[in-house]
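Next comes data.cif, with mmCIF, C-alpha atoms.
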```
data_run
#
loop_
_atom_site.group_PDB
_atom_site.id
_atom_site.type_symbol
_atom_site.label_atom_id
_atom_site.label_comp_id
_atom_site.auth_asym_id
_atom_site.auth_seq_id
_atom_site.Cartn_x
_atom_site.Cartn_y
_atom_site.Cartn_z
ATOM 1 C CA MET A 238 32.196 11.235 2.147
ATOM 2 C CA ASP A 239 30.921 14.818 2.267
ATOM 3 C CA ALA A 240 32.481 15.497 -1.113
ATOM 4 C CA LEU A 241 30.694 12.477 -2.594
ATOM 5 C CA ILE A 242 27.323 13.547 -1.202
ATOM 6 C CA THR A 243 27.862 17.104 -2.433
ATOM 7 C CA HIS A 244 28.837 15.826 -5.896
ATOM 8 C CA LEU A 245 25.748 13.586 -6.054
ATOM 9 C CA TYR A 246 23.486 16.396 -4.874
ATOM 10 C CA LEU A 247 24.855 18.768 -7.521
ATOM 11 C CA SER A 248 24.599 16.061 -10.224
ATOM 12 C CA ILE A 249 20.899 15.454 -9.678
ATOM 13 C CA PRO A 250 18.608 18.039 -11.280
ATOM 14 C CA ASN A 251 16.034 19.673 -9.011
ATOM 15 C CA ASN A 252 13.118 18.441 -11.128
ATOM 16 C CA THR A 253 14.270 14.861 -10.560
ATOM 17 C CA LEU A 254 14.333 15.386 -6.815
ATOM 18 C CA MET A 255 10.848 16.897 -7.033
ATOM 19 C CA ASP A 256 9.619 13.919 -9.085
ATOM 20 C CA VAL A 257 11.051 11.437 -6.593
ATOM 21 C CA GLY A 258 9.617 13.376 -3.646
ATOM 22 C CA SER A 259 6.183 13.532 -5.267
ATOM 23 C CA VAL A 260 6.200 9.827 -6.049
ATOM 24 C CA MET A 261 7.320 9.054 -2.480
ATOM 25 C CA ALA A 262 4.440 11.115 -1.063
ATOM 26 C CA LEU A 263 1.915 9.448 -3.381
ATOM 27 C CA ALA A 264 3.328 6.008 -2.541
ATOM 28 C CA MET A 265 2.947 6.712 1.183
ATOM 29 C CA ILE A 266 -0.683 7.775 0.662
ATOM 30 C CA LEU A 267 -1.327 4.569 -1.274
ATOM 31 C CA VAL A 268 0.415 2.484 1.420
ATOM 32 C CA ILE A 269 -1.812 4.072 4.092
ATOM 33 C CA CYS A 270 -4.918 3.273 2.015
ATOM 34 C CA ASP A 271 -3.669 -0.280 1.466
ATOM 35 C CA VAL A 272 -2.988 -0.825 5.185
ATOM 36 C CA PHE A 273 -6.396 0.594 6.124
ATOM 37 C CA LEU A 274 -8.152 -1.746 3.683
ATOM 38 C CA ARG A 275 -6.148 -4.714 4.988
ATOM 39 C CA LEU A 276 -7.110 -3.801 8.571
ATOM 40 C CA LEU A 277 -10.751 -3.515 7.487
ATOM 41 C CA ILE A 278 -10.595 -6.985 5.937
ATOM 42 C CA GLU A 279 -8.985 -8.476 9.045
ATOM 43 C CA ALA A 280 -11.521 -6.730 11.306
ATOM 44 C CA THR A 281 -14.434 -8.167 9.334
ATOM 45 C CA ARG A 282 -12.829 -11.641 9.480
ATOM 46 C CA TYR A 283 -12.369 -11.289 13.225
ATOM 47 C CA ASN A 284 -15.994 -10.218 13.674
ATOM 48 C CA ARG A 285 -17.255 -13.052 11.477
ATOM 49 C CA ASP A 286 -15.125 -15.702 13.227
ATOM 50 C CA THR A 287 -16.021 -14.524 16.742
ATOM 51 C CA GLY A 288 -19.738 -14.077 15.997
ATOM 52 C CA LYS A 289 -19.806 -10.288 16.312
ATOM 53 C CA ASP A 290 -22.066 -8.179 14.118
ATOM 54 C CA GLY A 291 -20.764 -6.214 11.142
ATOM 55 C CA SER A 292 -21.852 -2.773 12.271
ATOM 56 C CA LEU A 293 -19.593 0.203 11.821
ATOM 57 C CA ARG A 294 -19.202 0.490 15.597
ATOM 58 C CA SER A 295 -18.177 -3.165 15.926
ATOM 59 C CA ILE A 296 -15.645 -2.856 13.098
ATOM 60 C CA ALA A 297 -14.187 0.307 14.627
ATOM 61 C CA CYS A 298 -13.889 -1.387 18.053
ATOM 62 C CA THR A 299 -12.202 -4.371 16.416
ATOM 63 C CA MET A 300 -9.750 -2.194 14.496
ATOM 64 C CA LEU A 301 -8.892 -0.123 17.553
ATOM 65 C CA TRP A 302 -8.977 -2.667 20.348
ATOM 66 C CA ARG A 303 -10.441 -6.181 20.088
ATOM 67 C CA GLY A 304 -8.746 -7.528 16.968
ATOM 68 C CA TRP A 305 -5.124 -7.049 18.002
ATOM 69 C CA GLY A 306 -4.875 -10.049 20.297
ATOM 70 C CA ALA A 307 -4.680 -13.729 19.497
ATOM 71 C CA VAL A 308 -7.926 -15.708 19.295
ATOM 72 C CA LYS A 309 -8.152 -19.401 20.087
ATOM 73 C CA LYS A 310 -9.829 -21.220 17.249
ATOM 74 C CA GLY A 311 -10.019 -24.887 18.161
ATOM 75 C CA ALA A 312 -6.501 -26.056 19.022
ATOM 76 C CA LYS A 313 -4.841 -23.197 17.140
ATOM 77 C CA THR A 314 -4.451 -19.550 18.014
ATOM 78 C CA LYS A 315 -4.939 -17.078 15.204
ATOM 79 C CA ARG A 316 -3.898 -13.457 14.997
ATOM 80 C CA TYR A 317 -5.918 -11.151 12.811
ATOM 81 C CA MET A 318 -4.676 -7.563 12.862
ATOM 82 C CA MET A 319 -0.981 -8.204 13.459
ATOM 83 C CA SER A 320 -0.258 -11.454 11.697
ATOM 84 C CA LYS A 321 3.366 -12.246 10.970
ATOM 85 C CA GLY A 322 2.813 -12.186 7.210
ATOM 86 C CA PHE A 323 1.187 -8.743 7.367
ATOM 87 C CA ARG A 324 4.048 -7.300 9.434
ATOM 88 C CA ASN A 325 6.713 -8.854 7.190
ATOM 89 C CA ALA A 326 5.044 -7.626 3.992
ATOM 90 C CA ILE A 327 4.765 -4.039 5.261
ATOM 91 C CA ALA A 328 8.341 -4.031 6.564
ATOM 92 C CA LYS A 329 9.717 -5.460 3.317
ATOM 93 C CA LYS A 330 7.828 -2.880 1.260
ATOM 94 C CA LEU A 331 8.715 0.152 3.353
ATOM 95 C CA LEU A 332 12.288 -0.743 4.291
ATOM 96 C CA LEU A 333 13.655 -2.575 1.243
ATOM 97 C CA GLN A 334 11.642 -2.513 -1.953
ATOM 98 C CA TYR A 335 10.371 1.044 -2.280
ATOM 99 C CA PRO A 336 13.533 2.818 -1.063
ATOM 100 C CA GLY A 337 15.461 0.600 -3.470
ATOM 101 C CA PHE A 338 13.261 1.590 -6.402
ATOM 102 C CA PHE A 339 13.583 5.284 -5.526
ATOM 103 C CA THR A 340 17.359 5.079 -5.082
ATOM 104 C CA PHE A 341 17.890 3.176 -8.327
ATOM 105 C CA ALA A 342 15.627 5.635 -10.170
ATOM 106 C CA VAL A 343 17.846 8.525 -9.090
ATOM 107 C CA ILE A 344 21.052 6.599 -9.879
ATOM 108 C CA VAL A 345 19.816 5.668 -13.357
ATOM 109 C CA TYR A 346 18.862 9.285 -14.021
ATOM 110 C CA ILE A 347 22.453 10.371 -13.347
ATOM 111 C CA TYR A 348 23.754 8.048 -16.096
ATOM 112 C CA PRO A 349 24.881 9.680 -19.335
ATOM 113 C CA ASP A 350 22.128 10.714 -21.722
ATOM 114 C CA TYR A 351 21.484 8.236 -24.530
ATOM 115 C CA GLU A 352 18.672 8.763 -26.978
ATOM 116 C CA ILE A 353 16.966 6.127 -29.062
ATOM 117 C CA PHE A 354 14.162 7.360 -31.321
ATOM 118 C CA GLU A 355 14.364 10.721 -29.521
ATOM 119 C CA ILE A 356 13.638 9.098 -26.141
ATOM 120 C CA ARG A 357 16.149 9.577 -23.353
ATOM 121 C CA ILE A 358 16.782 6.068 -22.105
ATOM 122 C CA ASP A 359 18.034 7.096 -18.659
ATOM 123 C CA GLN A 360 14.948 9.216 -18.065
ATOM 124 C CA ALA A 361 12.583 6.506 -19.346
ATOM 125 C CA ILE A 362 14.116 3.833 -17.111
ATOM 126 C CA SER A 363 14.065 6.223 -14.164
ATOM 127 C CA MET A 364 10.358 6.972 -14.680
ATOM 128 C CA PHE A 365 9.667 3.255 -15.024
ATOM 129 C CA LEU A 366 11.426 2.559 -11.716
ATOM 130 C CA LEU A 367 9.494 5.405 -10.062
ATOM 131 C CA SER A 368 6.169 4.083 -11.321
ATOM 132 C CA LEU A 369 6.690 0.500 -10.102
ATOM 133 C CA PRO A 370 5.884 1.203 -6.401
ATOM 134 C CA LEU A 371 2.742 3.094 -7.428
ATOM 135 C CA LEU A 372 1.665 0.235 -9.672
ATOM 136 C CA CYS A 373 2.334 -2.346 -6.926
ATOM 137 C CA GLU A 374 0.334 -0.396 -4.351
ATOM 138 C CA THR A 375 -2.540 0.201 -6.764
ATOM 139 C CA MET A 376 -2.681 -3.526 -7.550
ATOM 140 C CA SER A 377 -2.632 -4.321 -3.827
ATOM 141 C CA ILE A 378 -5.506 -1.895 -3.196
ATOM 142 C CA VAL A 379 -7.527 -3.493 -6.014
ATOM 143 C CA GLU A 380 -6.865 -6.967 -4.547
ATOM 144 C CA ASN A 381 -7.984 -5.761 -1.118
ATOM 145 C CA LEU A 382 -11.142 -4.219 -2.564
ATOM 146 C CA ASN A 383 -11.937 -7.525 -4.281
ATOM 147 C CA GLU A 384 -11.359 -9.374 -1.007
ATOM 148 C CA ILE A 385 -13.780 -7.268 1.045
ATOM 149 C CA ASP A 386 -16.959 -9.227 1.736
ATOM 150 C CA PRO A 387 -19.839 -6.717 1.593
ATOM 151 C CA ALA A 388 -22.176 -9.163 3.347
ATOM 152 C CA SER A 389 -20.038 -9.080 6.499
ATOM 153 C CA ILE A 390 -20.207 -5.305 6.738
ATOM 154 C CA ASN A 391 -23.783 -4.195 7.385
ATOM 155 C CA MET A 392 -23.154 -0.699 6.110
ATOM 156 C CA LEU A 393 -21.788 -1.875 2.741
ATOM 157 C CA SER A 394 -24.614 -4.321 2.187
ATOM 158 C CA LYS A 395 -27.142 -1.537 2.857
ATOM 159 C CA ILE A 396 -25.363 0.767 0.404
ATOM 160 C CA PHE A 397 -25.274 -1.949 -2.272
ATOM 161 C CA ALA A 398 -28.957 -2.733 -1.721
ATOM 162 C CA PHE A 399 -29.826 0.953 -2.010
ATOM 163 C CA MET A 400 -27.802 1.256 -5.240
ATOM 164 C CA LYS A 401 -29.551 -1.790 -6.712
ATOM 165 C CA LYS A 402 -32.884 -0.273 -5.733
ATOM 166 C CA LEU A 403 -32.001 2.976 -7.511
ATOM 167 C CA LYS A 404 -30.812 1.097 -10.570
ATOM 168 C CA GLY A 405 -34.176 -0.518 -10.953
#
```
Representation of the structure as structure tokens:
Amino acid sequence: MDALITHLYLSIPNNTLMDVGSVMALAMILVICDVFLRLLIEATRYNRDTGKDGSLRSIACTMLWRGWGAVKKGAKTKRYMMSKGFRNAIAKKLLLQYPGFFTFAVIVYIYPDYEIFEIRIDQAISMFLLSLPLLCETMSIVENLNEIDPASINMLSKIFAFMKKLKG
């Protein structure tokens, strides 16, 4: 087993390891932004459904304390911050999908070099596999930004009103 790991380590160029490490760091930053936006959305939903105001203080209290429990809504109980779907999506991303993309990107890069129209196919496929997690996270962040209701957050509605006032 040690011989296999040593052989793989020596087969992978250092620039590839640097590329994978950089993409992993950027993906983690994007995941943190995505999770923060999702928590902000759930906090504003919690505040709206429980009749709390949309001030920055109320949202912060919801994100840190109030919104983590279950809330009875009629005959049903609803969880906001830690819903089962949210937990499963984060776990699937961080434990299965993204490590798989990174691992396959490195494995594909080790394949023999084939060129078509002066493009190394192994390198192109590897870069494509490395860019998929970044693209997925960016799309998720855009979806979350579209889902934010500025009317439920007092601060955002004030900023938008001020920008409209400046615009004319």
Output check: residues returned by the PyMOL selection byres ((chain A and resi 368-371) around 12), as a PyMOL selection string:
chain A and resi 256-257+259-268+271+330-331+333-339+341-342+361-367+372-378
Within 12 Å of Ser320 (chain A) using all atoms listed in the file, minus same-chain residues under 6 positions, as a ChimeraX atom specification:
/A:275-276,279,304-308,314,326-327
Quote the spacing between CA of Thr299 (chain A) and CA of Phe397 (chain A) in Å to one decimal place.
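Distance reported for this atom pair: 22.9 Å.
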One number please: CA of Pro250 (chain A) to CA of Thr340 (chain A), in Å, one decimal.
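It comes out at 14.4 Å.
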Pick out the closest residue to Thr253 (chain A) from this set: A:Asp239, A:Asp359, A:Asp290, A:Glu352. Count only C-alpha atoms.
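The closest residue to Thr253 (chain A) is A:Asp359.
You will find CA of Lys309 (chain A) at 15.8 Å from CA of Ala280 (chain A).
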Starting from the displayed file, determine the output of the PyMOL selection byres ((chain A and resi 347) around 8) and express the residue list as a ChimeraX atom specification.
/A:248-249,343-346,348-349,359
Selected residues, C-alpha atoms, written as a short mmCIF file (atom, residue, chain, number, x, y, z; two decimals), keeping the file's coordinate frame, please.
```
data_model
loop_
_atom_site.label_atom_id
_atom_site.label_comp_id
_atom_site.auth_asym_id
_atom_site.auth_seq_id
_atom_site.Cartn_x
_atom_site.Cartn_y
_atom_site.Cartn_z
CA SER A 248 24.60 16.06 -10.22
CA ILE A 249 20.90 15.45 -9.68
CA VAL A 343 17.85 8.52 -9.09
CA ILE A 344 21.05 6.60 -9.88
CA VAL A 345 19.82 5.67 -13.36
CA TYR A 346 18.86 9.28 -14.02
CA TYR A 348 23.75 8.05 -16.10
CA PRO A 349 24.88 9.68 -19.34
CA ASP A 359 18.03 7.10 -18.66
#
```
Taking all atoms of region 262-279 of chain A that the file lists, what box with edges along x, y and z, padded by 8 Å per side, do you get, with centre and edge lengths in Å to one decimal, as lines of an AutoDock Vina configuration file?
```
center_x = -3.2
center_y = 1.3
center_z = 2.8
size_x = 31.2
size_y = 35.6
size_z = 28.4
```
Can you translate the PyMOL selection byres ((chain A and resi 278) around 10) into the concrete residues it hits in this file, as a ChimeraX atom specification?
/A:272-277,279-284,296,300,317-318,381-382,384-386,389-390
